[in-house]
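Undergrad: I have a structure here, written as structure tokens, and I will follow up with some questions on it.
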2 protein chains.
Amino acid sequence: MPDSQDIQSLKTLFEQELFENIVPFWETHSPDRKHEGYYNCLDREGRVFDTTKHVWLQGRQAWMFSKLYNQHQAKPEWLEIARIGINFLRNHAIRPDKRLYFSLTEKGKPVWIQRKIFSECFYIIALAEFSRAADELHLMKEAEEQFEIVWNWSKDLSQLGRPVLEGQIPSRSLAIPMILLNVIEELTSGTPAGYEQEIKECIRQILLHVHADKQTVFETVGMDGQFLDTMEGRLLNPGHAIEAGWFLHRWAAILNDDGLQQTAISMIRWSHEHGWDHKHGGLFYFLDYKGHSPIQLEWFMKLWWPHNEAMIAHLINYSVTGEQMDWDLFKQVQEYSFRHFHDNKNGGWFGYLNRKGEVTHSFKGGPYKGFFHVPRSLWTCFKLFKKIGN
Amino acid sequence: MPDSQDIQSLKTLFEQELFENIVPFWETHSPDRKHEGYYNCLDREGRVFDTTKHVWLQGRQAWMFSKLYNQHQAKPEWLEIARIGINFLRNHAIRPDKRLYFSLTEKGKPVWIQRKIFSECFYIIALAEFSRAADELHLMKEAEEQFEIVWNWSKDLSQLGRPVLEGQIPSRSLAIPMILLNVIEELTSGTPAGYEQEIKECIRQILLHVHADKQTVFETVGMDGQFLDTMEGRLLNPGHAIEAGWFLHRWAAILNDDGLQQTAISMIRWSHEHGWDHKHGGLFYFLDYKGHSPIQLEWFMKLWWPHNEAMIAHLINYSVTGEQMDWDLFKQVQEYSFRHFHDNKNGGWFGYLNRKGEVTHSFKGGPYKGFFHVPRSLWTCFKLFKKIGN
């Protein structure tokens, strides 16, 4: 078990990694003060290798800087960085029908739109956190209105133009209720007031993916939660399942729900056990429940974000259980992550490794990697160390 | 330089590999005689791991069996296998507006549709080759009519529902003219009659991707062929460029066009040089022209199909030039392919390797891998050995 000095050392490590490595890298290289918004395609050294601005990452970065401003230190430069993201999104990313694009040019002209709700979700959390930082209450109202629209879309994605065809097996994707639940937490600062029904519904839907008899969290299940013996139904995404686990932990604490807490603990432990590569270390990206070869070409790769999520999740487990196994799992992921993803030379974290843990992609930011999972994880763990250490 | 015995040995090797390994594997495991069509998701041993039927692969398999029936041996069982594919496609895959789905259930109910033209292209080649095999001329008429529709769609993909947005850089994708040119070859059995304008236009468009000053074939270029310094514009797909090279070789021969032949030779040599991994062997899947880290997660993997295409392409180059370098390139790819993709234990070829050449995915058929690239390559090389050997 860790002693108070272990905790203190880790707290310092995470604090330094966040504020002396990650934040400066993105503060220096990412803001586009001419056109507003952020360059999110940054190479190993932080140079812009493509000027496309991806909306998920614009929203997530504006959220993260607002969060650090609100919770760590009210640095005017962080608020300013958050503001250029918010301005860019409000001026360019949102359409009159309230859908948001997926990507924009440097100057904000639309390039692509997905038939999904995630651009919208990350916009909502950005608006909510920034409204608190800048004390602009009208933006919170916008965030709440946008959430209501997205909530309705989430019930039937055909409204976004996804084809509905006769041979499709009706199914549920874990991504949707888990992200919506996280959006509600950000929108409400973790007070359920006004969203009781939506919270209950998200939790109900997430739990349909949790099969205690199989000790497994499935990414896709039938409408009543039943296991589907297809490529999609057998798919395991350990990083996602672990992330869903810590989102549930937060609500278990808020709602004082011991049963939900036990479920969250188990989801995280099981998914780690399924996902950890006992040969080379690291969490696999995808697996097949029955051991078939997954069809995703990248299944065997080790991506940064499942490791970021797992650090948070195991540390919450430990903070709740105080058990050695949860601490050991945290340490296993933390040591792997700092050894493999941290870049000693140019700052920032790498995102993509092969099975053996060798870096395959040297960029620090790309269409799906920005200023989000790494700082959210370091920041959340830093706060947990403070709590555990006291 | 190879002597006649080398050529004879390779001819035998390719013949045996095709008719004693690949064809029996797919003949045994793939046909669904109850619902018609083919199971194309087959694990290492040939067992069906998912019953979804992917339309690209249904068309390609019906084409390949028809081709072998027409050109190698008129085995009734091959015609019967081709027929169940054609029946399945005609009964289930095509919509009244002549678009084809991307995937269907085992029984033929639609699951997914792409906003692309490739399901349609592989349907056309299947109809054309089968119509010759079964002597059913009405199917050739259907193929011709379908081609006319697809040709018109290819001029403006927004007709298929792809969003057109203000920030998109107008660009051309190599995939479209190269596949259409191949479809015309299959439709006409390599006689240009009636398609002179379309052939000319496909060749013109392909050549916009060939930048002799940079000795590079780009996957995506501007409308006038200009280099685009974006992630998409810098993307190299060596397997695709090599495949386009041998498609052009065929028309250079048909049209007796020496300049086009020289271009085809160069495209293949340059793309091999760009794409070959000098450290671990094999052709990379994607590269960035300026040496940036490609964003595709699978960029460093070695896929079966670029190697299948490269065997054909280098052997055509050699058959035309008689030069040692083309023979050496052929041998380099052939030896790599037989060593890494051939499965000694269960028959068939693997499809996906990591950078070092280790198998990462054990299935023999999946959503994008079926009875197509491997047999087309073995069959085309076998015929080339016969020609070279004489």
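In the structure tokens, each chain is lettered A, B, ... as it comes, each chain's residues begin at 1, and ligands are numbered from 1 in order of appearance.
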Please, which residues of chain A lie no more than 9 Å from chain B when the count uses only C-alpha atoms, and can they be set out as a ChimeraX atom specification?
TA: /A:43-44,49-52,104-105,107-113,163-169,229-231,292-301,352,354,360-363,366-367
Undergrad: If you keep C-alpha atoms, can you produce a file of those selected residues as a PDB file, in the first residue's frame?
TA:
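Below you can see part20.pdb, which holds the result:
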ATOM      1  CA  ASP A  43       3.599  17.327 -35.039  1.00  0.00           C
ATOM      2  CA  ARG A  44       6.100  16.004 -32.538  1.00  0.00           C
ATOM      3  CA  PHE A  49       1.086  19.885 -40.086  1.00  0.00           C
ATOM      4  CA  ASP A  50      -2.486  20.524 -41.227  1.00  0.00           C
ATOM      5  CA  THR A  51      -4.603  23.611 -40.542  1.00  0.00           C
ATOM      6  CA  THR A  52      -7.959  21.807 -40.346  1.00  0.00           C
ATOM      7  CA  LEU A 104     -13.640  23.387 -40.337  1.00  0.00           C
ATOM      8  CA  THR A 105     -10.916  25.176 -42.241  1.00  0.00           C
ATOM      9  CA  LYS A 107     -10.810  30.346 -41.135  1.00  0.00           C
ATOM     10  CA  GLY A 108     -13.930  28.476 -40.084  1.00  0.00           C
ATOM     11  CA  LYS A 109     -15.485  27.269 -43.325  1.00  0.00           C
ATOM     12  CA  PRO A 110     -17.176  23.868 -42.939  1.00  0.00           C
ATOM     13  CA  VAL A 111     -15.381  20.790 -44.275  1.00  0.00           C
ATOM     14  CA  TRP A 112     -17.216  17.783 -42.873  1.00  0.00           C
ATOM     15  CA  ILE A 113     -20.273  16.873 -40.794  1.00  0.00           C
ATOM     16  CA  PRO A 163     -29.955   5.285 -42.778  1.00  0.00           C
ATOM     17  CA  VAL A 164     -32.416   2.940 -41.105  1.00  0.00           C
ATOM     18  CA  LEU A 165     -32.440  -0.359 -42.958  1.00  0.00           C
ATOM     19  CA  GLU A 166     -34.430  -3.511 -42.560  1.00  0.00           C
ATOM     20  CA  GLY A 167     -31.494  -5.821 -41.834  1.00  0.00           C
ATOM     21  CA  GLN A 168     -30.032  -3.770 -39.000  1.00  0.00           C
ATOM     22  CA  ILE A 169     -30.247  -5.462 -35.621  1.00  0.00           C
ATOM     23  CA  ASP A 229     -23.241 -12.843 -31.195  1.00  0.00           C
ATOM     24  CA  THR A 230     -22.040 -10.720 -34.123  1.00  0.00           C
ATOM     25  CA  MET A 231     -18.815  -8.809 -34.785  1.00  0.00           C
ATOM     26  CA  HIS A 292     -12.044 -14.103 -32.599  1.00  0.00           C
ATOM     27  CA  SER A 293      -9.629 -11.883 -34.433  1.00  0.00           C
ATOM     28  CA  PRO A 294     -11.134  -8.383 -34.191  1.00  0.00           C
ATOM     29  CA  ILE A 295     -11.695  -6.814 -37.607  1.00  0.00           C
ATOM     30  CA  GLN A 296     -10.491  -3.334 -36.604  1.00  0.00           C
ATOM     31  CA  LEU A 297      -7.008  -2.960 -38.075  1.00  0.00           C
ATOM     32  CA  GLU A 298      -5.781  -1.113 -34.960  1.00  0.00           C
ATOM     33  CA  TRP A 299      -7.118  -3.574 -32.370  1.00  0.00           C
ATOM     34  CA  PHE A 300      -3.659  -4.495 -31.043  1.00  0.00           C
ATOM     35  CA  MET A 301      -2.399  -0.933 -30.716  1.00  0.00           C
ATOM     36  CA  TYR A 352      -0.233   5.756 -30.657  1.00  0.00           C
ATOM     37  CA  ASN A 354       2.287  -0.665 -31.559  1.00  0.00           C
ATOM     38  CA  THR A 360       4.094   4.489 -34.389  1.00  0.00           C
ATOM     39  CA  HIS A 361       2.723   8.019 -34.860  1.00  0.00           C
ATOM     40  CA  SER A 362       4.871  10.929 -33.758  1.00  0.00           C
ATOM     41  CA  PHE A 363       2.250  13.698 -33.858  1.00  0.00           C
ATOM     42  CA  GLY A 366      -4.474  14.987 -34.784  1.00  0.00           C
ATOM     43  CA  PRO A 367      -8.112  14.703 -35.824  1.00  0.00           C
TER      44      PRO A 367
END
Undergrad: Might you pull out every residue within 12 Å of His342 in chain B, with only C-alpha atoms counted and same-chain residues fewer than 3 positions away left off, and present them as a PyMOL selection string?
TA: chain B and resi 14+17-18+21-22+44+304+308+334-339+345-353+357-359+362+364+374
Undergrad: Within 12 Å of Glu20 in chain A, counting only C-alpha atoms, which residues show up once you throw out same-chain ones fewer than 5 positions away? Write them as a list in words, please.
TA: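 Near Glu20 in chain A, the qualifying residues are Thr12, Leu13, Phe14, Glu15, Phe25, Trp26, Glu27, Thr28, Gly347, Gly348, Pro375 and Leu378 of chain A.
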Undergrad: Can you pull out the residues contacting range 56-72 of chain B? Cut-off 6 Å, using only C-alpha atoms, and skip same-chain residues under 4 positions away; I want them as a PyMOL selection string.
TA: chain B and resi 78+82+85+119+122-123+126+129-130+133+370-372
Undergrad: If we count only C-alpha atoms, what is near Pro306 in chain B at a cut-off of 12 Å, once residues fewer than 5 positions away on the same chain are taken out, given as a VMD selection string?
TA: chain B and resid 237 to 244 268 271 to 272 275 to 276 282 to 286 301 311 to 314 333 to 334 336 to 337 341 351 to 352 373 to 374 377
Undergrad: Deliver the residues from the most recent selection as a file, using N, CA and C atoms, as a compact mmCIF listing (two decimals), in the first residue's frame.
TA:
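That gives us selection-v5.txt:
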# COMPACT_ATOMS: atom_id res chain seq x y z
N ASN B 237 -0.58 6.16 -51.16
CA ASN B 237 -1.14 4.83 -50.96
C ASN B 237 -0.45 3.97 -52.02
N PRO B 238 0.74 3.47 -51.69
CA PRO B 238 1.56 2.83 -52.73
C PRO B 238 0.85 1.67 -53.44
N GLY B 239 0.07 0.89 -52.69
CA GLY B 239 -0.63 -0.23 -53.32
C GLY B 239 -1.61 0.23 -54.38
N HIS B 240 -2.31 1.30 -54.08
CA HIS B 240 -3.25 1.86 -55.03
C HIS B 240 -2.56 2.39 -56.27
N ALA B 241 -1.46 3.12 -56.05
CA ALA B 241 -0.72 3.71 -57.18
C ALA B 241 -0.16 2.61 -58.08
N ILE B 242 0.30 1.52 -57.46
CA ILE B 242 0.85 0.40 -58.23
C ILE B 242 -0.27 -0.30 -59.01
N GLU B 243 -1.42 -0.45 -58.38
CA GLU B 243 -2.58 -1.06 -59.05
C GLU B 243 -2.99 -0.20 -60.25
N ALA B 244 -3.06 1.12 -60.03
CA ALA B 244 -3.40 2.02 -61.15
C ALA B 244 -2.40 1.86 -62.29
N ILE B 268 4.78 2.44 -61.33
CA ILE B 268 4.97 1.23 -60.54
C ILE B 268 6.33 1.27 -59.83
N SER B 271 6.37 4.08 -57.08
CA SER B 271 5.50 3.80 -55.93
C SER B 271 6.08 2.67 -55.08
N HIS B 272 6.75 1.73 -55.74
CA HIS B 272 7.44 0.70 -54.97
C HIS B 272 8.55 1.33 -54.15
N GLY B 275 7.12 3.11 -51.28
CA GLY B 275 6.34 2.32 -50.35
C GLY B 275 7.08 1.20 -49.65
N TRP B 276 8.21 0.74 -50.20
CA TRP B 276 8.88 -0.43 -49.62
C TRP B 276 9.55 -0.07 -48.30
N GLY B 282 8.31 -5.47 -47.11
CA GLY B 282 6.87 -5.25 -47.30
C GLY B 282 6.56 -3.81 -47.67
N LEU B 283 5.37 -3.63 -48.22
CA LEU B 283 4.92 -2.31 -48.63
C LEU B 283 4.08 -1.70 -47.52
N PHE B 284 4.44 -0.48 -47.12
CA PHE B 284 3.62 0.25 -46.16
C PHE B 284 2.23 0.49 -46.76
N TYR B 285 1.24 0.65 -45.87
CA TYR B 285 -0.12 0.91 -46.37
C TYR B 285 -0.28 2.37 -46.78
N PHE B 286 0.16 3.29 -45.94
CA PHE B 286 0.06 4.72 -46.24
C PHE B 286 1.37 5.42 -45.86
N MET B 301 1.21 -0.85 -41.34
CA MET B 301 0.91 -2.27 -41.49
C MET B 301 1.17 -2.73 -42.92
N MET B 311 2.78 -7.72 -57.30
CA MET B 311 3.28 -8.88 -58.05
C MET B 311 2.87 -8.77 -59.51
N ILE B 312 1.60 -8.45 -59.72
CA ILE B 312 1.12 -8.29 -61.10
C ILE B 312 1.90 -7.16 -61.80
N ALA B 313 2.00 -6.04 -61.13
CA ALA B 313 2.54 -4.84 -61.78
C ALA B 313 4.02 -5.01 -62.16
N HIS B 314 4.82 -5.56 -61.23
CA HIS B 314 6.24 -5.73 -61.56
C HIS B 314 6.42 -6.78 -62.66
N VAL B 333 8.80 -8.82 -53.91
CA VAL B 333 7.42 -8.83 -53.42
C VAL B 333 6.90 -10.27 -53.33
N GLN B 334 7.24 -11.08 -54.33
CA GLN B 334 6.72 -12.45 -54.35
C GLN B 334 7.24 -13.25 -53.16
N TYR B 336 8.39 -12.09 -50.30
CA TYR B 336 7.81 -11.54 -49.06
C TYR B 336 6.38 -12.07 -48.88
N SER B 337 5.62 -12.05 -49.97
CA SER B 337 4.20 -12.42 -49.90
C SER B 337 4.02 -13.88 -49.53
N PHE B 341 2.14 -14.07 -46.01
CA PHE B 341 0.67 -14.11 -46.11
C PHE B 341 0.11 -15.53 -46.25
N GLY B 351 -4.32 -11.62 -44.17
CA GLY B 351 -4.47 -10.32 -44.81
C GLY B 351 -3.70 -9.18 -44.16
N TYR B 352 -3.35 -9.33 -42.88
CA TYR B 352 -2.87 -8.16 -42.14
C TYR B 352 -1.67 -8.54 -41.27
N HIS B 373 -8.37 -10.31 -54.45
CA HIS B 373 -7.02 -9.87 -54.76
C HIS B 373 -6.03 -11.03 -54.87
N VAL B 374 -6.12 -11.99 -53.94
CA VAL B 374 -5.18 -13.11 -53.99
C VAL B 374 -5.38 -13.92 -55.27
N SER B 377 -4.44 -12.00 -58.49
CA SER B 377 -2.99 -11.84 -58.65
C SER B 377 -2.35 -13.15 -59.10
Undergrad: Figure out the distance between CA of Leu248 in chain A and CA of Tyr318 in chain A, please, to one decimal in Å.
TA: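 Going from CA of Tyr318 in chain A over to CA of Leu248 in chain A, I get 15.0 Å.
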Undergrad: Mind checking which residues fall within 10 Å of range 5-9 of chain B, counting only C-alpha atoms, ignoring those fewer than 6 positions away in the same chain, and posting them as a list in words?
TA: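 That gives Glu15, Phe382, Leu384, Phe385, Lys386, Ile388, Gly389 and Asn390 of chain B.
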Undergrad: For range 153-160 of chain B, find every residue with an atom within 12 Å (counting only C-alpha atoms), except residues of its own chain fewer than 3 positions away, and show them as an mmCIF file with N, CA, C and O atoms, in the first residue's frame.
TA:
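Written output follows (part07.cif):
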data_model
loop_
_atom_site.group_PDB
_atom_site.id
_atom_site.type_symbol
_atom_site.label_atom_id
_atom_site.label_comp_id
_atom_site.auth_asym_id
_atom_site.auth_seq_id
_atom_site.Cartn_x
_atom_site.Cartn_y
_atom_site.Cartn_z
ATOM 1 N N ASP B 97 -33.602 2.466 -57.308
ATOM 2 C CA ASP B 97 -32.873 3.597 -57.921
ATOM 3 C C ASP B 97 -31.497 3.199 -58.424
ATOM 4 O O ASP B 97 -30.691 4.056 -58.781
ATOM 5 N N LYS B 98 -31.217 1.883 -58.427
ATOM 6 C CA LYS B 98 -29.975 1.309 -58.965
ATOM 7 C C LYS B 98 -28.758 1.496 -58.067
ATOM 8 O O LYS B 98 -27.642 1.184 -58.472
ATOM 9 N N ARG B 99 -28.958 2.036 -56.869
ATOM 10 C CA ARG B 99 -27.847 2.018 -55.922
ATOM 11 C C ARG B 99 -27.802 0.649 -55.267
ATOM 12 O O ARG B 99 -28.819 -0.025 -55.127
ATOM 13 N N LEU B 100 -26.583 0.237 -54.881
ATOM 14 C CA LEU B 100 -26.439 -1.037 -54.183
ATOM 15 C C LEU B 100 -26.037 -0.786 -52.727
ATOM 16 O O LEU B 100 -25.321 0.153 -52.421
ATOM 17 N N TYR B 101 -26.510 -1.676 -51.870
ATOM 18 C CA TYR B 101 -26.122 -1.597 -50.462
ATOM 19 C C TYR B 101 -24.648 -1.974 -50.305
ATOM 20 O O TYR B 101 -24.034 -2.527 -51.214
ATOM 21 N N ILE B 113 -25.476 1.166 -46.263
ATOM 22 C CA ILE B 113 -25.259 1.683 -47.618
ATOM 23 C C ILE B 113 -24.183 2.758 -47.518
ATOM 24 O O ILE B 113 -24.157 3.541 -46.559
ATOM 25 N N GLN B 114 -23.234 2.757 -48.442
ATOM 26 C CA GLN B 114 -22.198 3.793 -48.472
ATOM 27 C C GLN B 114 -22.607 4.889 -49.445
ATOM 28 O O GLN B 114 -23.405 4.668 -50.349
ATOM 29 N N ARG B 115 -21.988 6.057 -49.277
ATOM 30 C CA ARG B 115 -22.199 7.145 -50.238
ATOM 31 C C ARG B 115 -21.040 7.140 -51.231
ATOM 32 O O ARG B 115 -20.342 8.107 -51.402
ATOM 33 N N LYS B 116 -20.831 5.949 -51.830
ATOM 34 C CA LYS B 116 -19.723 5.703 -52.770
ATOM 35 C C LYS B 116 -20.239 4.877 -53.931
ATOM 36 O O LYS B 116 -21.396 4.445 -53.910
ATOM 37 N N ILE B 117 -19.386 4.607 -54.914
ATOM 38 C CA ILE B 117 -19.851 3.872 -56.103
ATOM 39 C C ILE B 117 -19.260 2.473 -56.213
ATOM 40 O O ILE B 117 -19.425 1.816 -57.238
ATOM 41 N N PHE B 118 -18.573 1.979 -55.175
ATOM 42 C CA PHE B 118 -17.809 0.752 -55.360
ATOM 43 C C PHE B 118 -18.657 -0.521 -55.306
ATOM 44 O O PHE B 118 -18.372 -1.481 -56.016
ATOM 45 N N GLU B 120 -21.446 -0.785 -56.579
ATOM 46 C CA GLU B 120 -21.985 -0.811 -57.934
ATOM 47 C C GLU B 120 -20.919 -1.279 -58.932
ATOM 48 O O GLU B 120 -21.209 -2.062 -59.851
ATOM 49 N N CYS B 121 -19.693 -0.804 -58.777
ATOM 50 C CA CYS B 121 -18.623 -1.177 -59.713
ATOM 51 C C CYS B 121 -18.367 -2.687 -59.693
ATOM 52 O O CYS B 121 -18.199 -3.314 -60.743
ATOM 53 N N GLN B 146 -26.126 -0.292 -65.946
ATOM 54 C CA GLN B 146 -25.661 0.104 -64.613
ATOM 55 C C GLN B 146 -24.416 0.971 -64.721
ATOM 56 O O GLN B 146 -24.247 1.936 -63.964
ATOM 57 N N PHE B 147 -23.535 0.630 -65.662
ATOM 58 C CA PHE B 147 -22.322 1.428 -65.829
ATOM 59 C C PHE B 147 -22.662 2.875 -66.180
ATOM 60 O O PHE B 147 -22.052 3.821 -65.657
ATOM 61 N N GLU B 148 -23.622 3.038 -67.070
ATOM 62 C CA GLU B 148 -23.986 4.397 -67.495
ATOM 63 C C GLU B 148 -24.449 5.225 -66.282
ATOM 64 O O GLU B 148 -24.087 6.396 -66.144
ATOM 65 N N ILE B 149 -25.224 4.583 -65.424
ATOM 66 C CA ILE B 149 -25.713 5.274 -64.218
ATOM 67 C C ILE B 149 -24.545 5.637 -63.300
ATOM 68 O O ILE B 149 -24.427 6.766 -62.820
ATOM 69 N N VAL B 150 -23.656 4.659 -63.084
ATOM 70 C CA VAL B 150 -22.516 4.891 -62.186
ATOM 71 C C VAL B 150 -21.594 5.965 -62.756
ATOM 72 O O VAL B 150 -21.065 6.802 -62.023
ATOM 73 N N PRO B 163 -22.197 15.190 -48.320
ATOM 74 C CA PRO B 163 -22.371 16.629 -48.119
ATOM 75 C C PRO B 163 -21.349 17.442 -48.914
ATOM 76 O O PRO B 163 -20.191 17.051 -49.015
ATOM 77 N N VAL B 164 -21.813 18.525 -49.492
ATOM 78 C CA VAL B 164 -20.920 19.457 -50.176
ATOM 79 C C VAL B 164 -20.864 20.701 -49.303
ATOM 80 O O VAL B 164 -21.884 21.342 -49.074
ATOM 81 N N LEU B 165 -19.674 21.022 -48.798
ATOM 82 C CA LEU B 165 -19.558 22.114 -47.834
ATOM 83 C C LEU B 165 -18.510 23.109 -48.311
ATOM 84 O O LEU B 165 -17.550 22.749 -48.999
ATOM 85 N N PRO B 170 -11.815 21.535 -53.483
ATOM 86 C CA PRO B 170 -12.202 20.657 -54.584
ATOM 87 C C PRO B 170 -11.024 19.754 -54.949
ATOM 88 O O PRO B 170 -9.902 20.220 -55.119
ATOM 89 N N SER B 171 -11.283 18.462 -55.001
ATOM 90 C CA SER B 171 -10.170 17.528 -55.207
ATOM 91 C C SER B 171 -10.654 16.280 -55.930
ATOM 92 O O SER B 171 -11.848 16.037 -56.050
ATOM 93 N N ARG B 172 -9.685 15.519 -56.402
ATOM 94 C CA ARG B 172 -9.945 14.279 -57.128
ATOM 95 C C ARG B 172 -9.297 13.119 -56.400
ATOM 96 O O ARG B 172 -8.159 13.221 -55.947
ATOM 97 N N SER B 173 -10.015 12.013 -56.347
ATOM 98 C CA SER B 173 -9.517 10.799 -55.711
ATOM 99 C C SER B 173 -9.102 9.800 -56.788
ATOM 100 O O SER B 173 -9.857 9.539 -57.718
ATOM 101 N N ALA B 175 -8.955 6.687 -56.684
ATOM 102 C CA ALA B 175 -9.748 5.455 -56.671
ATOM 103 C C ALA B 175 -10.813 5.443 -57.767
ATOM 104 O O ALA B 175 -11.049 4.413 -58.399
ATOM 105 N N ILE B 176 -11.417 6.598 -57.995
ATOM 106 C CA ILE B 176 -12.581 6.600 -58.885
ATOM 107 C C ILE B 176 -12.217 6.340 -60.346
ATOM 108 O O ILE B 176 -12.716 5.381 -60.932
ATOM 109 N N PRO B 177 -11.329 7.133 -60.970
ATOM 110 C CA PRO B 177 -11.025 6.820 -62.376
ATOM 111 C C PRO B 177 -10.339 5.470 -62.556
ATOM 112 O O PRO B 177 -10.540 4.803 -63.581
ATOM 113 N N MET B 178 -9.533 5.038 -61.577
ATOM 114 C CA MET B 178 -8.853 3.752 -61.780
ATOM 115 C C MET B 178 -9.827 2.589 -61.727
ATOM 116 O O MET B 178 -9.739 1.666 -62.546
ATOM 117 N N ILE B 179 -10.783 2.637 -60.806
ATOM 118 C CA ILE B 179 -11.750 1.539 -60.735
ATOM 119 C C ILE B 179 -12.670 1.574 -61.956
ATOM 120 O O ILE B 179 -12.967 0.537 -62.559
ATOM 121 N N LEU B 180 -13.082 2.767 -62.362
ATOM 122 C CA LEU B 180 -13.949 2.854 -63.548
ATOM 123 C C LEU B 180 -13.229 2.329 -64.799
ATOM 124 O O LEU B 180 -13.836 1.657 -65.626
ATOM 125 N N GLU B 198 -15.054 7.512 -72.575
ATOM 126 C CA GLU B 198 -14.920 7.229 -71.144
ATOM 127 C C GLU B 198 -13.500 6.759 -70.814
ATOM 128 O O GLU B 198 -12.938 7.136 -69.777
ATOM 129 N N GLU B 201 -11.202 9.679 -70.825
ATOM 130 C CA GLU B 201 -11.430 10.520 -69.649
ATOM 131 C C GLU B 201 -10.837 9.889 -68.380
ATOM 132 O O GLU B 201 -10.226 10.585 -67.569
ATOM 133 N N CYS B 202 -11.006 8.580 -68.217
ATOM 134 C CA CYS B 202 -10.411 7.913 -67.043
ATOM 135 C C CYS B 202 -8.894 8.058 -67.069
ATOM 136 O O CYS B 202 -8.270 8.364 -66.041
ATOM 137 N N GLN B 205 -7.837 11.534 -66.190
ATOM 138 C CA GLN B 205 -7.965 11.806 -64.753
ATOM 139 C C GLN B 205 -6.874 11.104 -63.947
ATOM 140 O O GLN B 205 -6.314 11.680 -63.017
#
Undergrad: Distance CA of Glu186 in chain A-CA of Ile125 in chain A, one decimal place?
TA: 5.8 Å
Undergrad: From the options B:Val320, B:Val221, B:Leu236, B:Val23, which residue's atoms come nearest to Ala264 in chain B, counting only C-alpha atoms?
TA: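 With only C-alpha atoms as the atom set, the closest residue is B:Val320.
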